[in-house]
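A.B. asks: Dropping a structure here in structure tokens format, bear with me for questions.
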2 protein chains.
Amino acid sequence: MAVYTEVSDEDMDAFLAQYDIGHATSLKGIAEGVENSNYVLTTERGTFMLTLYEKRVDPRDLPFFLGLMDHLAARGIPCPTPIHGRDGQALRTLAGRPAAMTTFLQGLWPRRIETAHCGPVGEAMARFHLAADGFALRRPNALSVAGWRPLFDGSKAHAHEVQAGLTDELAGELDLFERDWPRDLPSGVIHADLFQDNVFFLDGKLSGIFDFYFACNDLLAYDVAICLNAWCFEPDKSFNVTKARALLAGYQRVRPLNDAERAALPLLARGAALRFLLTRLYDWLHTPPGAMVKRKDPLEYLARLRFHRGVGSASGYGL
Amino acid sequence: MAVYTEVSDEDMDAFLAQYDIGHATSLKGIAEGVENSNYVLTTERGTFMLTLYEKRVDPRDLPFFLGLMDHLAARGIPCPTPIHGRDGQALRTLAGRPAAMTTFLQGLWPRRIETAHCGPVGEAMARFHLAADGFALRRPNALSVAGWRPLFDGSKAHAHEVQAGLTDELAGELDLFERDWPRDLPSGVIHADLFQDNVFFLDGKLSGIFDFYFACNDLLAYDVAICLNAWCFEPDKSFNVTKARALLAGYQRVRPLNDAERAALPLLARGAALRFLLTRLYDWLHTPPGAMVKRKDPLEYLARLRFHRGVGSASGYGL
């Protein structure tokens with residue numbers, strides 16, 4: 001659930017005066033998104049999303065995120081496009097926080113994932129990877145292998161409270177990934193968080209992807225591996241190979257995986273499961289039970305990790 | 001902060017199929033409103049508010065609230081109007097909860113109250129009182145004098161933790177109101193919660209009033225007294241008589257208060273302060289500090305109560 005910064009009438013008027021989109025006729029704080037304050041803003045000229053970046057986002061990353069959206073939108077990716085002011089700037093300050101507006105994207109995110117969603121998601125991710133090529137800015141992935149041990153160190157003393165034996169199991173995984181993580185696969189800008197609530201569908205067609213606030217430079221196939229975790233497991237934690245096959249086929253219609261990427265897929269998917277397990281575990285152990293943030297169960301990702309550990313080759317994902 | 005019920009794609013489609021407003025093109029849970037799940041819903045035909053009533057609202061009250069909005073809108077009050085389905089019904093079930101749609105109201109609620117807001121608010125309240133006349137349903141006010149003692153009883157053991165001596169002070173107030181509360185003043189349907197976040201302005205003009213989920217039958221002047229508490233105190237708890245004068249003048253342009261109402265105003269305003277003090281105190285003492293709901297400071301209303309105790313006649317409010 002989101003944190004909200006209230007915007008005064010005067011601040012809003014002064015902010016909008018720097019754009020050519022008219023005056024506010026409605027402003028509603030929305031409940032989706034945990035990291036930032038998001039508003040649906042309507043003016044005489046249309047509907048926009050207004051985001052105030054709260055403290056979990058590093059302001060130094062904002063030119064990367066906003067520039068990426070500009071870059072992708074210009075290359076035909078259906079995503080929010082930053083609105084630029086008369087001075088050409090998309091990023092400015094509102095109510096003491098960095099703030100930006102984007103276009104409003106039509107569509108609804110699927111509350112229940114169907115196989116029919118997975119092909120278009122794979123395809124959209126591949127188009128994203130190709131379109132992002134040539135984007136000038138770089139942002140290393142703070143949540144890749146090098147970032148996992150600090151998360152583990154911050155959780156290991158209490159991990160056994162979540163599940164007996166978890167500390168040892170995670171330590172073994174970490175050792176493996178620090179040794180064997182692939183380094184020579186094709187890389188570029190990845191979304192890194194393409195979960196179901198970051199993809200819109202309209203009339204059964206994918207209408208947009210959004211929330212680029214984890215985007216970074218990393219292995220392209222690692223993004224695919226995150227997607228396998230995000231889209232291809234059922235609520236009972238079982239793996240749905242039909243969904244995986246659809247997702248990978250969709251991706252490969254646009255950008256075929258090379259042999260090294262295919263071979264690495266089980267390890268990458270296992271690593272992706274560990275990454276979400278570790279962040280959820282850290283939040284679980286460091287968030288008081290009654291806090292404003294809804295904690296997500298880390299064990300969902302332990303089940304995924306164990307599944308991937310048993311996958312011998314990409315054929316386990318229907319390839 | 002609001003609680004959210006997620007609506008599945010299938011449930012949403014089935015719900016909308018009962019109306020003539022097209023298919024959903026966007027659905028955003030909004031962060032305003034504590035009691036219910038509120039969504040901004042757009043379809044090919046326009047923008048609507050969708051509300052799922054959560055457990056703090058008694059479903060038996062919903063015909064009163066929705067019927068009142070229909071009644072008021074038909075009489076020209078700028079307020080959300082329930083959308084009726086092909087079967088004529090405005091209230092049905094969605095995701096296991098009572099649910100209704102209304103029109104989407106343009107405007108922004110004032111983040112900082114100015115004197116210029118107060119006249120229009122008084123006027124809108126008086127128009128509301130007159131327009132509600134003739135509404136067939138009745139709903140007693142559960143938060144009038146008879147409802148205050150149970151709140152007090154549920155808080156008195158710990159009230160001194162909030163402020164020393166508070167228990168005795170509140171007990172004295174309660175005794176007074178139970179003895180002296182006026183009974184013969186003009187009554188009708190009152191809004192009972194017309195705070196700044198329930199009033200929209202657009203281009204400096206009042207564009208709508210909403211959130212009728214405390215509306216009930218009670219003394220009309222008590223509604224005015226609530227408004228004095230809601231609109232005429234500064235953040236430092238001082239009373240702004242210029243705002244009060246504007247609010248009362250606005251009200252009386254449409255519906256002049258009679259002599260008995262004027263004479264009762266200090267007592268009614270003091271009672272209104274006690275009502276919000278008691279509900280805030282109860283919530284303060286019964287909500288864990290880290291819970292999902294932001295607690296409101298009860299002492300803001302102790303300061304108001306003490307102010308009204310010192311007001312000898314309606315002239316203290318600029319009348």
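Going through the structure tokens in order, the chains are called A, B, and so on, while each chain numbers its residues from 1 and the ligands are numbered from 1 in the order shown.
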I'd like the contact shell of Gln252 in chain A - 12 Å cut-off, only C-alpha atoms, skipping same-chain residues fewer than 3 positions apart - returned as a list in words.
C.D. replies: Gly119, Pro120, Val121, Gly122, Glu123, Ala124, Met125, Ala126, Arg127, His129, Leu130, Ala221, Val224, Arg245, Ala246, Leu247, Leu248, Ala249, Arg255, Pro256, Leu257, Asn258, Glu261, Arg262 and Leu319 of chain A
A.B. asks: Return the neighbours of chain B among the residues of chain A, cut-off 7 Å, counting only C-alpha atoms, as a list in words.
C.D. replies: Ser8, Asp9, Thr25, Ser26, Leu27, Lys28, Gly29, Ile30, Ala31, Glu32, Gln106, Gly107, Leu108, Pro110, Arg111, Arg112, Leu202, Gly290, Ala291 and Met292 of chain A
A.B. asks: Could you take the residues named above and write them with C-alpha atoms, as a compact mmCIF listing (two decimals), in the first residue's frame?
C.D. replies:
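So selection-v8.txt came out as:
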# COMPACT_ATOMS: atom_id res chain seq x y z
CA SER A 8 -1.34 21.69 -1.78
CA ASP A 9 -3.55 23.55 -4.24
CA THR A 25 -10.05 19.14 -12.75
CA SER A 26 -9.53 16.05 -10.59
CA LEU A 27 -6.73 14.50 -8.53
CA LYS A 28 -7.02 11.06 -6.95
CA GLY A 29 -4.33 9.31 -4.97
CA ILE A 30 -4.23 5.70 -6.10
CA ALA A 31 -3.62 2.65 -3.98
CA GLU A 32 -1.41 0.66 -6.34
CA GLN A 106 -5.49 2.20 -20.81
CA GLY A 107 -6.06 -1.34 -19.65
CA LEU A 108 -6.43 -3.58 -16.61
CA PRO A 110 -5.01 -9.48 -15.06
CA ARG A 111 -6.14 -10.44 -11.56
CA ARG A 112 -5.81 -14.11 -12.54
CA LEU A 202 -7.57 -4.49 -22.99
CA GLY A 290 0.94 -4.55 11.94
CA ALA A 291 2.81 -2.15 9.64
CA MET A 292 1.36 -0.19 6.72
A.B. asks: One decimal, in Å: what's the spacing between CA of Thr279 in chain B and CA of Lys55 in chain B?
C.D. replies: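 Between CA of Thr279 in chain B and CA of Lys55 in chain B the gap works out to 17.5 Å.
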A.B. asks: Determine, counting only C-alpha atoms, which protein, DNA and RNA residues have an atom within 10 Å of an atom of range 169-179 of chain A; residues of the same chain fewer than 3 positions away are not included. Present the result as a list in words.
C.D. replies: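 Non-adjacent residues within range: Val145, Ala146, Trp148, Arg149, Phe152, Asp153, Lys156, Ala159, Ala164, Gly165, Leu166, Pro182, Leu267, Leu268, Arg270, Gly271, Leu274, Leu277, Leu278, Leu302, Leu305 and Arg309 of chain A.
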A.B. asks: Please run DSSP on the backbone and report, as a ChimeraX atom specification, all residues within range 43-291 of chain B that come out as alpha helix (DSSP H).
C.D. replies: /B:62-74,115-132,145-153,159-162,166-180,220-231,241-254,259-286
A.B. asks: Please measure the separation of CA of Leu91 in chain B and CA of Leu194 in chain B, giving the value in Å to one decimal.
C.D. replies: 23.8 Å
A.B. asks: Using only C-alpha atoms, which residue out of B:Ala230, B:Val189, B:Ala95, B:Val254 lies closest to Phe15 in chain B?
C.D. replies: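 Among B:Ala230, B:Val189, B:Ala95, B:Val254, it is B:Ala95 that comes nearest to Phe15 in chain B.
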A.B. asks: Of the residues A:Tyr222, A:Met69, A:Leu206, A:His160, which is the one nearest to Ser144 in chain A, using only C-alpha atoms?
C.D. replies: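 Looking at the shortest contact to Ser144 in chain A, the residue is A:Tyr222.
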A.B. asks: When distances are computed from only C-alpha atoms, which of A:Arg275, A:Arg139, A:Arg45, A:Arg86 shows the smallest separation from Asp218 in chain A?
C.D. replies: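 With only C-alpha atoms as the atom set, the closest residue is A:Arg139.
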A.B. asks: Which residue out of B:Leu285, B:Ala273, B:Pro63, B:Val311 has the minimum interatomic distance to Glu161 in chain B when only C-alpha atoms are used?
C.D. replies: B:Leu285
A.B. asks: In range 119-194 of chain B, what's strand (DSSP E or B) per DSSP? Answer as a list in words?
C.D. replies: Pro140, Ser187, Gly188, Val189 and Ile190 of chain B
